[in-house]
Structure formats: structure tokens, C-alpha cells
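Shown next: data-v9.txt, given as compact mmCIF, C-alpha atoms.
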```
# COMPACT_ATOMS: atom_id res chain seq x y z
CA MET P 226 -6.01 -20.44 -6.23
CA ASN P 227 -7.27 -23.87 -7.34
CA ASP P 228 -10.60 -24.99 -5.97
CA LYS P 229 -11.82 -28.54 -5.55
CA PRO P 230 -13.93 -29.79 -8.51
CA TRP P 231 -16.88 -29.74 -6.15
CA HIS P 232 -15.89 -26.52 -4.45
CA LEU P 233 -18.75 -24.24 -3.41
CA ASP P 234 -18.32 -20.51 -3.06
CA ARG P 235 -19.20 -19.23 0.42
CA ARG P 236 -21.72 -16.93 -1.22
CA THR P 237 -23.51 -19.74 -3.08
CA MET P 238 -27.29 -19.32 -2.98
CA LEU P 239 -30.16 -21.83 -3.27
CA LYS P 240 -32.49 -20.41 -5.88
CA GLY P 241 -35.97 -21.50 -6.87
CA MET P 242 -39.64 -20.64 -6.59
CA GLY P 243 -38.72 -16.98 -6.84
CA VAL P 244 -36.67 -16.92 -3.64
CA CYS P 245 -33.03 -17.36 -2.67
CA CYS P 246 -31.52 -18.52 0.60
CA CYS P 247 -28.00 -18.31 2.00
CA LEU P 248 -26.36 -21.67 2.58
CA PRO P 249 -24.69 -22.52 5.90
CA PHE P 250 -20.94 -22.98 5.91
CA PHE P 251 -20.04 -26.36 4.35
CA GLU P 252 -16.65 -28.09 4.22
CA ALA P 253 -17.07 -28.00 0.44
CA MET P 254 -16.64 -24.25 0.67
CA ALA P 255 -13.06 -24.64 1.89
CA LYS P 256 -10.15 -24.15 -0.51
CA THR P 257 -7.75 -26.93 -1.42
CA THR P 258 -4.61 -24.87 -0.94
CA GLY P 259 -2.35 -25.30 2.07
CA GLN P 260 -3.56 -21.98 3.43
CA THR P 261 -6.03 -21.90 6.29
CA THR P 262 -9.65 -21.15 5.42
CA GLN P 263 -9.89 -18.87 8.41
CA PRO P 264 -10.01 -15.21 7.33
CA ARG P 265 -7.19 -13.14 8.78
CA ARG P 266 -7.70 -9.48 9.55
CA LEU P 267 -5.78 -6.35 10.51
CA LEU P 268 -7.08 -3.36 12.46
CA ASN P 269 -4.89 -0.32 13.26
CA LEU P 270 -5.68 2.34 15.86
CA TYR P 271 -3.59 5.50 16.13
CA VAL P 272 -3.36 8.21 18.78
CA GLY P 273 -1.22 11.26 18.12
CA ASN P 274 0.80 13.35 20.60
CA GLY P 275 2.34 10.44 22.50
CA VAL P 276 1.54 9.32 26.05
CA SER P 277 2.19 10.37 29.61
CA LEU P 278 5.58 9.28 30.98
CA PRO P 279 5.91 11.25 34.24
CA HIS P 280 9.33 12.54 35.21
CA LYS P 281 11.09 10.39 37.79
CA LYS P 282 11.02 13.21 40.35
CA PHE P 283 7.24 12.67 40.65
CA THR P 284 7.65 9.27 42.28
CA LYS P 285 4.03 8.48 43.16
CA ILE P 286 2.59 9.70 39.86
CA ARG P 287 5.29 7.85 37.96
CA ASP P 288 4.66 4.59 39.80
CA ASP P 289 0.89 4.69 39.27
CA TRP P 290 0.36 6.58 36.01
CA HIS P 291 3.27 5.77 33.71
CA TRP P 292 1.99 4.43 30.36
CA PHE P 293 4.67 1.74 30.13
CA PRO P 294 5.04 -0.91 32.86
CA HIS P 295 8.20 -0.45 34.95
CA ALA P 296 9.64 -3.90 34.27
CA ALA P 297 9.58 -6.14 31.22
CA GLY P 298 8.48 -9.76 31.09
CA SER P 299 5.32 -11.79 31.66
CA ASP P 300 5.00 -10.81 35.33
CA TYR P 301 4.93 -7.07 34.69
CA LYS P 302 2.71 -4.90 36.88
CA MET P 303 0.07 -2.84 35.12
CA THR P 304 -0.11 0.83 35.97
CA LYS P 305 -3.48 2.53 36.36
CA VAL P 306 -3.36 3.57 32.72
CA MET P 307 -3.52 -0.06 31.59
CA GLU P 308 -5.93 -1.34 34.25
CA PRO P 309 -8.95 -1.34 31.90
CA LEU P 310 -7.24 -4.20 30.03
CA LYS P 311 -6.56 -6.24 33.16
CA ALA P 312 -9.07 -8.98 32.35
CA LYS P 313 -7.58 -9.36 28.86
CA ARG P 314 -3.95 -9.63 29.92
CA ASP P 315 -3.40 -12.85 27.96
CA GLN P 316 -4.80 -11.29 24.77
CA PHE P 317 -2.26 -8.52 24.16
CA THR P 318 1.43 -7.58 24.27
CA ILE P 319 2.93 -4.19 25.16
CA PHE P 320 6.05 -3.15 23.23
CA GLY P 321 8.73 -0.69 24.29
CA GLY P 322 11.83 0.55 22.50
CA LEU P 323 10.53 0.20 18.94
CA SER P 324 10.46 3.01 16.38
CA HIS P 325 11.28 3.83 12.76
CA PRO P 326 14.97 4.85 12.35
CA LYS P 327 14.22 7.33 9.56
CA SER P 328 11.73 9.15 11.78
CA ARG P 329 13.79 9.31 14.97
CA PRO P 330 15.43 12.68 14.09
CA LEU P 331 12.04 14.25 13.34
CA LEU P 332 9.69 16.28 15.44
CA GLY P 333 7.28 13.68 16.79
CA HIS P 334 4.27 15.19 15.01
CA THR P 335 5.82 14.72 11.59
CA ALA P 336 6.63 11.10 12.37
CA GLY P 337 2.91 10.32 12.48
CA ASP P 338 2.84 10.11 8.70
CA SER P 339 5.29 7.20 8.79
CA TRP P 340 3.69 5.15 11.60
CA LEU P 341 2.52 2.41 9.23
CA THR P 342 5.07 3.03 6.47
CA GLY P 343 8.51 3.38 8.08
CA ALA P 344 9.43 5.81 5.30
CA ASN P 345 11.54 8.97 5.29
CA VAL P 346 9.03 11.78 5.70
CA GLY P 347 11.58 14.45 6.56
CA GLY P 348 13.30 16.72 4.05
CA GLU P 349 11.88 15.91 0.62
CA TYR P 350 9.14 13.81 2.19
CA ARG P 351 9.09 10.46 0.44
CA ASN P 352 6.37 8.34 1.90
CA THR P 353 5.70 4.75 0.83
CA ILE P 354 2.96 2.15 1.05
CA SER P 355 1.45 1.58 4.49
CA LEU P 356 1.15 -1.75 6.26
CA ASP P 357 -2.63 -1.83 5.92
CA GLN P 358 -2.48 -1.37 2.15
CA VAL P 359 -0.07 -4.27 1.70
CA VAL P 360 -2.62 -6.51 3.43
CA ALA P 361 -5.50 -4.90 1.54
CA GLU P 362 -3.83 -5.63 -1.80
CA HIS P 363 -3.31 -9.26 -0.80
CA TYR P 364 -6.98 -9.86 0.08
CA LYS P 365 -8.63 -7.45 -2.36
CA ASP P 366 -10.26 -10.19 -4.46
CA GLU P 367 -11.82 -11.92 -1.46
CA THR P 368 -13.89 -9.10 -0.03
CA ARG P 369 -16.34 -6.46 -1.24
CA TYR P 370 -14.06 -3.64 -0.06
CA SER P 371 -10.27 -3.76 0.23
CA TYR P 372 -10.23 -1.72 3.42
CA MET P 373 -12.05 0.67 5.74
CA ASN P 374 -10.03 3.82 6.40
CA LEU P 375 -11.47 5.98 9.17
CA SER P 376 -10.33 8.94 11.22
CA THR P 377 -11.92 11.44 13.57
CA ASP P 378 -11.06 14.32 11.25
CA GLY P 379 -11.46 12.63 7.87
CA GLY P 380 -9.71 13.50 4.60
CA THR P 381 -5.94 13.39 4.21
CA GLY P 382 -4.65 16.46 6.06
CA TYR P 383 -1.31 17.63 4.74
CA ARG P 384 2.32 16.52 4.77
CA GLY P 385 3.59 16.06 8.28
CA ARG P 386 0.09 16.33 9.74
CA ALA P 387 -1.87 13.61 7.98
CA THR P 388 -5.43 12.77 9.01
CA THR P 389 -5.17 9.31 7.49
CA LEU P 390 -3.13 6.20 8.27
CA ALA P 391 -3.32 4.78 4.74
CA PHE P 392 -0.81 5.49 1.96
CA ASP P 393 -0.79 3.83 -1.47
CA ARG P 394 2.09 2.29 -3.45
CA ASN P 395 3.25 5.76 -4.49
CA GLY P 396 3.18 7.03 -0.92
CA GLN P 397 0.11 9.15 -1.62
CA PRO P 398 -2.37 9.58 1.26
CA ILE P 399 -5.71 7.79 0.96
CA PRO P 400 -8.63 9.87 2.28
CA ALA P 401 -10.23 8.73 5.52
CA GLU P 402 -13.94 8.87 6.39
CA ASN P 403 -15.39 10.29 9.60
CA ASP P 404 -19.17 10.46 9.20
CA VAL P 405 -20.68 7.51 11.09
CA ARG P 406 -24.01 7.52 9.27
CA GLY P 407 -22.39 8.14 5.88
CA ILE P 408 -19.96 5.24 6.38
CA PHE P 409 -22.78 2.89 7.37
CA GLU P 410 -25.01 3.85 4.46
CA ARG P 411 -22.20 3.57 1.91
CA LEU P 412 -20.84 0.23 3.09
CA PHE P 413 -23.82 -1.64 4.51
CA GLN P 414 -27.04 -0.41 2.92
CA ILE P 415 -26.63 -1.91 -0.53
CA ASP P 416 -29.08 -4.78 -0.88
CA ASN P 417 -32.44 -3.15 -1.55
CA ALA P 418 -33.49 -2.90 -5.20
CA LYS P 419 -33.59 0.91 -5.28
CA SER P 420 -30.13 1.17 -3.76
CA LEU P 421 -28.70 -1.44 -6.12
CA LYS P 422 -30.06 0.35 -9.18
CA ALA P 423 -28.74 3.72 -8.02
CA ARG P 424 -25.31 2.25 -7.23
CA LYS P 425 -25.12 0.56 -10.62
CA ILE P 426 -25.81 3.86 -12.38
CA GLU P 427 -23.30 5.66 -10.15
CA LEU P 428 -20.58 3.07 -10.81
CA GLN P 429 -21.17 3.24 -14.57
CA LYS P 430 -20.79 7.03 -14.48
CA LYS P 431 -17.58 6.78 -12.46
CA ARG P 432 -16.18 4.17 -14.83
CA ARG P 433 -16.87 6.41 -17.86
CA VAL P 434 -15.21 9.40 -16.17
CA VAL P 435 -12.12 7.38 -15.18
CA ASP P 436 -11.81 5.87 -18.67
CA LEU P 437 -11.97 9.30 -20.28
CA VAL P 438 -9.42 10.83 -17.89
CA LEU P 439 -7.02 7.90 -18.32
CA GLN P 440 -7.29 8.19 -22.10
CA ASP P 441 -6.64 11.92 -22.02
CA SER P 442 -3.77 11.50 -19.55
CA ARG P 443 -1.91 9.23 -21.97
CA ARG P 444 -2.23 11.90 -24.66
CA LEU P 445 -1.05 14.64 -22.32
CA LYS P 446 2.01 12.69 -21.18
CA LYS P 447 3.68 13.00 -24.58
CA ASN P 448 3.93 16.78 -24.14
CA LEU P 449 5.36 16.85 -20.60
CA GLY P 450 8.87 17.02 -19.20
CA LYS P 451 10.39 14.19 -17.18
CA ALA P 452 9.42 15.56 -13.75
CA ASP P 453 5.84 16.24 -14.82
CA GLN P 454 5.63 12.82 -16.44
CA GLN P 455 6.54 11.23 -13.11
CA LYS P 456 3.80 13.20 -11.33
CA LEU P 457 1.33 12.22 -14.04
CA ASP P 458 2.34 8.57 -13.70
CA GLU P 459 1.54 8.72 -9.99
CA TYR P 460 -1.81 10.32 -10.77
CA MET P 461 -2.59 7.69 -13.40
CA ALA P 462 -1.67 4.91 -10.97
CA THR P 463 -4.27 6.33 -8.58
CA LEU P 464 -6.83 6.38 -11.38
CA ARG P 465 -6.06 2.80 -12.36
CA ASP P 466 -6.53 1.79 -8.74
CA LEU P 467 -9.87 3.58 -8.73
CA GLU P 468 -10.82 1.81 -11.95
CA ALA P 469 -9.97 -1.58 -10.38
CA ARG P 470 -12.09 -0.75 -7.33
CA ILE P 471 -15.04 0.21 -9.54
CA GLU P 472 -14.71 -3.07 -11.43
CA ARG P 473 -14.64 -5.00 -8.16
CA LEU P 474 -17.73 -3.22 -6.83
CA GLU P 475 -19.54 -3.93 -10.10
CA ALA P 476 -18.68 -7.62 -9.75
CA TRP P 477 -20.12 -7.64 -6.21
CA GLN P 478 -23.31 -5.76 -7.10
CA ASN P 479 -25.59 -8.78 -7.24
CA ILE P 480 -23.96 -10.78 -4.43
CA PRO P 481 -26.06 -10.49 -1.25
CA MET P 482 -24.34 -9.31 1.89
CA LYS P 483 -24.26 -11.53 4.94
CA LYS P 484 -27.19 -10.73 7.24
CA PHE P 485 -26.31 -8.60 10.25
CA ASP P 486 -27.81 -6.78 13.22
CA SER P 487 -27.15 -3.05 13.32
CA SER P 488 -29.60 -2.18 16.09
CA HIS P 489 -26.72 -1.40 18.47
CA LEU P 490 -25.28 1.26 16.18
CA ASP P 491 -25.84 4.92 17.05
CA LEU P 492 -25.81 6.57 13.63
CA SER P 493 -26.77 9.98 14.98
CA VAL P 494 -23.72 10.29 17.24
CA THR P 495 -21.54 13.39 16.83
CA LEU P 496 -18.12 14.53 17.97
CA LYS P 497 -19.82 16.34 20.85
CA SER P 498 -19.97 12.92 22.52
CA PRO P 499 -16.38 11.60 22.14
CA LYS P 500 -16.84 8.29 23.92
CA GLU P 501 -19.97 7.38 21.95
CA TYR P 502 -18.41 8.59 18.69
CA ILE P 503 -15.24 6.52 19.13
CA ARG P 504 -17.25 3.44 20.04
CA SER P 505 -19.54 3.87 17.04
CA MET P 506 -16.48 3.98 14.78
CA CYS P 507 -15.22 0.81 16.46
CA ASP P 508 -18.64 -0.81 15.97
CA LEU P 509 -18.49 -0.04 12.24
CA MET P 510 -15.10 -1.74 11.90
CA VAL P 511 -16.29 -4.78 13.84
CA LEU P 512 -19.39 -4.96 11.63
CA GLY P 513 -17.14 -4.80 8.56
CA PHE P 514 -15.24 -7.84 9.84
CA GLU P 515 -18.38 -9.62 11.02
CA THR P 516 -19.97 -9.39 7.56
CA ASP P 517 -16.60 -10.09 5.91
CA ILE P 518 -16.97 -7.15 3.54
CA THR P 519 -13.35 -6.27 4.40
CA ARG P 520 -10.41 -7.63 6.34
CA VAL P 521 -8.47 -4.42 6.86
CA ALA P 522 -9.47 -1.36 8.90
CA ASN P 523 -7.76 1.77 10.23
CA TYR P 524 -8.95 4.38 12.69
CA MET P 525 -6.97 7.50 13.60
CA LEU P 526 -8.58 8.58 16.87
CA VAL P 527 -6.43 11.66 17.41
CA ARG P 528 -4.20 13.32 14.82
CA GLU P 529 -0.91 15.00 15.59
CA ASP P 530 -0.45 18.51 16.99
CA ASN P 531 -3.11 20.92 18.22
CA LEU P 532 -5.16 20.22 15.13
CA GLY P 533 -8.48 18.59 14.44
CA LEU P 534 -11.44 17.68 16.56
CA GLY P 535 -9.86 14.65 18.20
CA SER P 536 -7.36 16.85 20.02
CA LYS P 537 -10.28 18.48 21.87
CA PHE P 538 -11.72 15.23 23.25
CA SER P 539 -9.80 15.65 26.51
CA THR P 540 -11.36 19.07 27.03
CA VAL P 541 -14.89 17.95 26.18
CA LEU P 542 -14.65 14.89 28.43
CA PHE P 543 -12.69 16.11 31.44
CA GLY P 544 -12.15 19.85 31.11
CA PHE P 545 -8.42 19.22 30.64
CA PRO P 546 -6.20 21.12 28.18
CA ASP P 547 -6.35 19.83 24.59
CA HIS P 548 -4.36 16.66 23.96
CA HIS P 549 -1.45 18.50 22.37
CA GLY P 550 -1.38 21.04 25.20
CA MET P 551 -1.10 18.29 27.79
CA SER P 552 1.90 16.86 25.93
CA HIS P 553 3.79 20.11 26.65
CA GLY P 554 3.05 20.35 30.37
CA LYS P 555 5.59 19.14 32.94
CA SER P 556 3.82 19.59 36.25
CA GLU P 557 2.57 16.78 38.48
CA LYS P 558 -1.02 17.90 37.84
CA ASN P 559 -0.47 17.85 34.09
CA TYR P 560 0.99 14.34 34.12
CA LYS P 561 -2.00 13.06 36.09
CA GLU P 562 -4.46 14.66 33.68
CA TRP P 563 -2.61 13.36 30.65
CA ALA P 564 -2.45 9.84 32.07
CA THR P 565 -6.15 9.97 32.97
CA TYR P 566 -6.89 10.71 29.32
CA ASP P 567 -4.52 7.92 28.26
CA ARG P 568 -6.57 5.59 30.43
CA PHE P 569 -9.76 6.77 28.72
CA LEU P 570 -8.25 5.84 25.36
CA ILE P 571 -7.23 2.43 26.69
CA GLU P 572 -10.84 1.95 27.85
CA GLN P 573 -11.92 2.43 24.23
CA LEU P 574 -9.36 -0.14 23.12
CA ASP P 575 -10.80 -2.51 25.71
CA TYR P 576 -14.28 -1.89 24.29
CA LEU P 577 -13.07 -2.75 20.79
CA LEU P 578 -11.33 -5.94 21.92
CA GLN P 579 -14.47 -7.01 23.78
CA ARG P 580 -16.63 -6.38 20.71
CA LEU P 581 -14.25 -8.49 18.60
CA THR P 582 -14.41 -11.21 21.24
CA ASP P 583 -18.21 -11.21 21.42
CA ALA P 584 -18.63 -11.19 17.63
CA LYS P 585 -18.14 -14.70 16.26
CA ASP P 586 -18.06 -16.52 12.94
CA GLU P 587 -17.71 -20.23 12.18
CA HIS P 588 -14.10 -20.08 13.42
CA GLY P 589 -14.90 -18.58 16.82
CA PRO P 590 -14.33 -15.05 18.22
CA LEU P 591 -13.23 -12.58 15.54
CA LEU P 592 -10.37 -11.43 17.77
CA ASP P 593 -8.66 -14.82 17.45
CA ASN P 594 -8.17 -14.21 13.72
CA THR P 595 -7.56 -10.45 13.95
CA LEU P 596 -4.43 -8.45 14.72
CA VAL P 597 -5.24 -5.20 16.52
CA PHE P 598 -2.33 -2.74 16.48
CA TYR P 599 -2.63 0.31 18.76
CA GLY P 600 -0.22 3.14 19.47
CA SER P 601 1.51 6.38 18.59
CA SER P 602 4.59 7.48 16.65
CA ASN P 603 6.09 9.42 19.54
CA SER P 604 6.50 8.68 23.21
CA THR P 605 6.45 12.03 24.97
CA TYR P 606 7.63 15.62 24.43
CA HIS P 607 7.42 14.97 20.68
CA ASN P 608 10.15 12.37 20.91
CA ALA P 609 9.85 10.03 17.89
CA ARG P 610 11.43 7.07 19.71
CA ASN P 611 10.21 4.35 22.03
CA TYR P 612 6.73 4.29 20.51
CA PRO P 613 3.97 3.23 22.92
CA LEU P 614 2.55 0.15 21.17
CA ILE P 615 0.10 -2.66 21.86
CA LEU P 616 -0.55 -5.70 19.67
CA ALA P 617 -3.66 -7.72 20.53
CA GLY P 618 -5.51 -10.74 19.17
CA GLY P 619 -4.24 -13.29 16.68
CA LYS P 620 -4.57 -16.34 18.93
CA ASN P 621 -5.22 -18.57 15.91
CA MET P 622 -2.18 -17.06 14.19
CA GLY P 623 0.13 -18.35 16.90
CA LEU P 624 0.74 -15.13 18.84
CA LYS P 625 1.74 -15.50 22.48
CA HIS P 626 0.64 -12.62 24.66
CA GLY P 627 0.67 -11.55 28.30
CA ARG P 628 4.03 -9.77 28.18
CA TYR P 629 5.72 -6.40 28.14
CA MET P 630 8.50 -6.79 25.57
CA LYS P 631 11.17 -4.09 25.69
CA PHE P 632 13.74 -3.83 22.89
CA ASP P 633 16.99 -2.03 22.13
CA GLU P 634 16.35 0.41 19.28
CA ASN P 635 19.87 -0.19 17.99
CA LYS P 636 18.96 -3.82 17.34
CA GLU P 637 15.27 -3.80 16.45
CA ASN P 638 13.14 -1.63 14.16
CA LEU P 639 9.37 -1.37 14.25
CA SER P 640 9.37 -2.62 10.66
CA ASN P 641 10.73 -5.95 11.94
CA LEU P 642 7.47 -6.34 13.84
CA PHE P 643 5.55 -5.50 10.66
CA VAL P 644 7.32 -8.33 8.83
CA SER P 645 6.17 -10.82 11.47
CA MET P 646 2.65 -9.36 11.46
CA LEU P 647 2.39 -9.68 7.68
CA ASN P 648 3.49 -13.29 7.75
CA ALA P 649 1.01 -14.02 10.54
CA LEU P 650 -1.65 -12.56 8.25
CA ASP P 651 -0.67 -15.02 5.49
CA VAL P 652 0.98 -12.24 3.47
CA PRO P 653 4.42 -13.77 2.71
CA THR P 654 7.02 -11.09 3.49
CA GLU P 655 10.78 -10.99 3.95
CA ARG P 656 11.23 -7.23 4.13
CA PHE P 657 9.12 -4.18 4.87
CA ALA P 658 10.51 -0.64 4.66
CA ASP P 659 13.87 -0.63 6.53
CA SER P 660 13.40 -3.94 8.36
CA LYS P 661 16.50 -5.92 9.29
CA GLY P 662 14.67 -9.17 9.84
CA ASN P 663 11.58 -10.09 11.83
CA LEU P 664 10.29 -10.06 15.37
CA ASP P 665 9.11 -13.64 15.61
CA GLN P 666 9.52 -13.50 19.39
CA ILE P 667 5.81 -12.64 19.37
CA PHE P 668 5.10 -16.31 18.58
CA LYS P 669 7.20 -17.67 21.45
CA ALA P 670 5.99 -17.91 25.02
```

Would you put the structure from the file into C-alpha cells?
Amino acid sequence: MNDKPWHLDRRTMLKGMGVCCCLPFFEAMAKTTGQTTQPRRLLNLYVGNGVSLPHKKFTKIRDDWHWFPHAAGSDYKMTKVMEPLKAKRDQFTIFGGLSHPKSRPLLGHTAGDSWLTGANVGGEYRNTISLDQVVAEHYKDETRYSYMNLSTDGGTGYRGRATTLAFDRNGQPIPAENDVRGIFERLFQIDNAKSLKARKIELQKKRRVVDLVLQDSRRLKKNLGKADQQKLDEYMATLRDLEARIERLEAWQNIPMKKFDSSHLDLSVTLKSPKEYIRSMCDLMVLGFETDITRVANYMLVREDNLGLGSKFSTVLFGFPDHHGMSHGKSEKNYKEWATYDRFLIEQLDYLLQRLTDAKDEHGPLLDNTLVFYGSSNSTYHNARNYPLILAGGKNMGLKHGRYMKFDENKENLSNLFVSMLNALDVPTERFADSKGNLDQIFKA
């Protein structure tokens, strides 16, 4: 990327008299390339176990509480599930009919691992890089952290029941974080002298460990068979990625973070208060975008199956069966309960979109330069087809919202949408996973 001869970095400081001050945004800080100077961001939200789609014999419940609208187009009627988003109708699009072909034959729970990858996770289980990581790789040199990867349960889970949305180039799961206070302290409390010194020592130790392990791994490889060599190569690739991240953090050590207000954050929140916990996680992602320490964020609210703490939110909040249990019920009462919980989750999406609207940078509301992708990898009864999906934001990227777009799965794959999303994010892409083209209809009114 070539800068102007008089180009100023956005983090340029005025130094003198023993103090330093952040400069305001100047035109001289803009790049000379044809790309826009507006940062583009991606945020993914996942809910396992599908959504309520009441059987047609329950006419009233189906009319009022069906997750999907009953007719496609720009004049669709919102059901009660979607009502929390009513005031933001022109800021999002609902998609129907999209899914990943390789996951359609699977039990819906297993398909969760492929939601952002489109890979074949049945049989031998061969996952691939996730959408978020493609974007993270593209912008990794422009931000302090490549991505924020969060989930209610944290960690990686296991094959077919992942607790993370992120997968690296080798299809290996990337651990997610779930401790609100821990996430805040690791990502945002880095500017005081004591913290900087401790972090520098910690990074140096990590670098030494990684260097030693990489060196020893090269020696070990000579004595392994072909299959073991392949496994070791994948492990070494992970180590090299870790080494690159350490180097990047070292380079950012002495660069001050943009000032921010964290007084609204509840760092003591626990999973005993689901609504407050979810909103605190959303606040952390918004703060990450607001300070521009990252441009990619994931949050898995509820994992698949009757596993993890997120599946119990419906019981804690409403006294309903756990989320997975509701997905097995077929009574009118069950559908109403399930849809009520779906509405609660949509309320949290509305909260996030409002926070991204209220938070502004020099280009306006963050939402206008952010794609927010929400949904699940199964519709109902563990059916890995017709994913319930919402794409919001991206006004400055040319997206046209206010519609329910329903597609024929024989003609369109979810990966086609990913291709269009990547290009909107200034990540030039012709193919992603098993895409057959793009879904550029999202840019046309």
C-alpha cells in the first residue's frame, strides 16, 4: 500500500515537553489507493438449535409466531418474533432458502461447525477456513488484534459440537473467550506503564517458547511417517500463526489506544443473568470496533444440542424447557414458548444494532460500515436446510435492505452470499467454499 509522501499515520502523536497528544483525523491520514479509507467490519452472531416454525395446523400460532415472514419481498409482514426490529426495517434483510449443500444431509447440530465455512463436516470431518478468518487475514496489519472470537461457553468444544465459530486455514477450531471481565482486561487495559511492562515480558516469554517448539518440530519431522508429518505441519502452521500474532502485538506495544468510555460496561455480569451477559458481550464487540483494535468479531450465543450454558438461557429467563428441548416439542404450547425465546434473541440483536448505530467515528454510525450476520445452521427439527438468516448494516458498502429474500436451494448456496459479503468488505473474492457465483442481489433495490 503506497502512502502519499506527506501521509500521516492515524496514530501519529504530537510529542514535546514530556507529553503526547492524539491528533484529530486529517485528510493527510488517508491512503492514496483507490480503496475507501472507511474501515469495513464483520460481526457474526450464531444461535444453535434452529428457530420456531409452527406446523400449519396451528393456524393462529403460525400466523403470529413463525420466524420467517409468510411472503417474500419488500412489503413483507413481520411476525411477532421480528417485531423488536420493526424500527430498523430498512437496515436489515431476512434470507430464506439458503444453506450449505455439504451440510444438508447432516443432523442439524453437526452442521453448526460449517456455518461460516461451508465445508464437509460429515464422515471424515474436513473443515476449512471460516468467513471471519478470511476477513481477519486481510486486515491483520491494520489493527491491534485480527479478531475477537467470543462464545457463551468458550473454548472449542469438539467435532460436531463446536463452541467456536472461527476455524483457521487448516480447518482447526480457534478457541473462543467467554469471561467478560477477562476479555476486557486482556484487550482494553494495556496502556498503563505497569501493564505495558508486564505484557512485554509475557510476549517475550511466549516468543521464546514458540521459537523453541518450532525448532524442535522441524527436527522431529524427519523421523515421522507421512500421516504424522501432515499432522505436524498443521500444528506448526498454528505455531507460526501464533508467532506472527506475538510479533504484531510487540509492534503495537507502544502505540496508544484510542480513548474510550467503558463506564457502561458491566464487568461483573455472570451467566445467571442471560440478558445482561449477552448485552455485555455485545458491548465488548462494539467497543472493539469503536476503538478500531479489530474489525472482525464473532459471538456464539447458543451452541448446538443440549450442551453448554447458553442452552439453559430459556429456562433461566422464562422457565421454559432448555433451548434444545424446545426444538423437539411439537405442541402449540411448545411452539409459542420457542417463538417467545426466538423473540428474546431478536431483541438482543436489536440492542446490538442500536449500539452500532449510536457509536460513531469520523465516517458516521459504525453500523453503516459493518456487516452484521445473524442466524443458525438449521431451521427446525434439526433440519440443516433453509437457514434462518439476517444480514444487517453495510449502508456505506452499497447494501439495500428492507426485504425478505427467499431463494431456491437448488440454485443458490449460502457461500454465494459469503462471496458478495467479502467483496463488500473490500476482500476481493471470486469463490468461497462451494460457491457457484455471488448473491449481488443484496446491492440492488

Between atom CA of Ala297 of chain P and atom CA of Arg628 of chain P, what distance in Å does the model show, to one decimal? 7.3 Å

Segment 381-383 of chain P environment, 7 Å, all atoms listed in the file, sequence neighbours closer than 2 positions dropped, as a PyMOL selection string: chain P and resi 379+385-389+398-401

Grab the atom CA of His334 of chain P to atom CA of Ala296 of chain P distance for me, in Å with one decimal place. 27.6 Å

Dig up all the protein and nucleic acid residues within 8 Å of (-10.7, -1.7, 30.9) in the file frame, using all atoms listed in the file, and format them as number ranges by chain. P: 307-312, 571-573, 575-576

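If you look at atom CA of Tyr566 of chain P and atom CA of Gly273 of chain P, they are 12.6 Å away from each other.
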
For segment 319-329 of chain P, list every protein, DNA or RNA residue within 8 Å, evaluated using all atoms listed in the file, and leave out those in the same chain fewer than 4 positions away; present the list as a PyMOL selection string. chain P and resi 293+336+339-340+343-347+602+608-616+628-634+637-640

Between P:Gly333, P:Gly554, P:Pro653, P:Gly535, single out the one closest to Gly275 of chain P, counting only C-alpha atoms. P:Gly333

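Among the candidates P:Thr377, P:Gln263, P:Ser355, P:Thr540, the residue lying nearest to Val527 of chain P is P:Thr377 (atoms considered: all atoms listed in the file).
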
8 Å per side around segment 577-589 of chain P: axis-aligned box centre and edge lengths, as JSON:
```
{"center_x": -15.0, "center_y": -11.5, "center_z": 18.0, "size_x": 23.3, "size_y": 33.5, "size_z": 27.6}
```

Which residues, written as an mmCIF file with C-alpha atoms, keeping the file's coordinate frame, have at least one atom at most 12 Å from Val360 of chain P, with all atoms listed in the file counted and residues fewer than 3 positions away on the same chain left out?
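That gives us result.cif:
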```cif
data_model
loop_
_atom_site.group_PDB
_atom_site.id
_atom_site.type_symbol
_atom_site.label_atom_id
_atom_site.label_comp_id
_atom_site.auth_asym_id
_atom_site.auth_seq_id
_atom_site.Cartn_x
_atom_site.Cartn_y
_atom_site.Cartn_z
ATOM 1 C CA ARG P 265 -7.190 -13.140 8.780
ATOM 2 C CA ARG P 266 -7.700 -9.480 9.550
ATOM 3 C CA LEU P 267 -5.780 -6.350 10.510
ATOM 4 C CA LEU P 268 -7.080 -3.360 12.460
ATOM 5 C CA ASN P 269 -4.890 -0.320 13.260
ATOM 6 C CA LEU P 341 2.520 2.410 9.230
ATOM 7 C CA ILE P 354 2.960 2.150 1.050
ATOM 8 C CA SER P 355 1.450 1.580 4.490
ATOM 9 C CA LEU P 356 1.150 -1.750 6.260
ATOM 10 C CA ASP P 357 -2.630 -1.830 5.920
ATOM 11 C CA HIS P 363 -3.310 -9.260 -0.800
ATOM 12 C CA TYR P 364 -6.980 -9.860 0.080
ATOM 13 C CA LYS P 365 -8.630 -7.450 -2.360
ATOM 14 C CA ASP P 366 -10.260 -10.190 -4.460
ATOM 15 C CA GLU P 367 -11.820 -11.920 -1.460
ATOM 16 C CA SER P 371 -10.270 -3.760 0.230
ATOM 17 C CA TYR P 372 -10.230 -1.720 3.420
ATOM 18 C CA ALA P 391 -3.320 4.780 4.740
ATOM 19 C CA ASP P 393 -0.790 3.830 -1.470
ATOM 20 C CA THR P 519 -13.350 -6.270 4.400
ATOM 21 C CA ARG P 520 -10.410 -7.630 6.340
ATOM 22 C CA VAL P 521 -8.470 -4.420 6.860
ATOM 23 C CA ALA P 522 -9.470 -1.360 8.900
ATOM 24 C CA ASN P 523 -7.760 1.770 10.230
ATOM 25 C CA LEU P 596 -4.430 -8.450 14.720
ATOM 26 C CA PHE P 643 5.550 -5.500 10.660
ATOM 27 C CA VAL P 644 7.320 -8.330 8.830
ATOM 28 C CA MET P 646 2.650 -9.360 11.460
ATOM 29 C CA LEU P 647 2.390 -9.680 7.680
ATOM 30 C CA ASN P 648 3.490 -13.290 7.750
ATOM 31 C CA ALA P 649 1.010 -14.020 10.540
ATOM 32 C CA LEU P 650 -1.650 -12.560 8.250
ATOM 33 C CA ASP P 651 -0.670 -15.020 5.490
ATOM 34 C CA VAL P 652 0.980 -12.240 3.470
ATOM 35 C CA PRO P 653 4.420 -13.770 2.710
ATOM 36 C CA THR P 654 7.020 -11.090 3.490
#
```

Determine, counting only C-alpha atoms, every residue of protein, DNA or RNA that lies within 9 Å of (-1.2, 18.0, 24.6) in the file coordinates, then give the result as number ranges by chain. P: 274-275, 530-531, 536, 546-554, 563
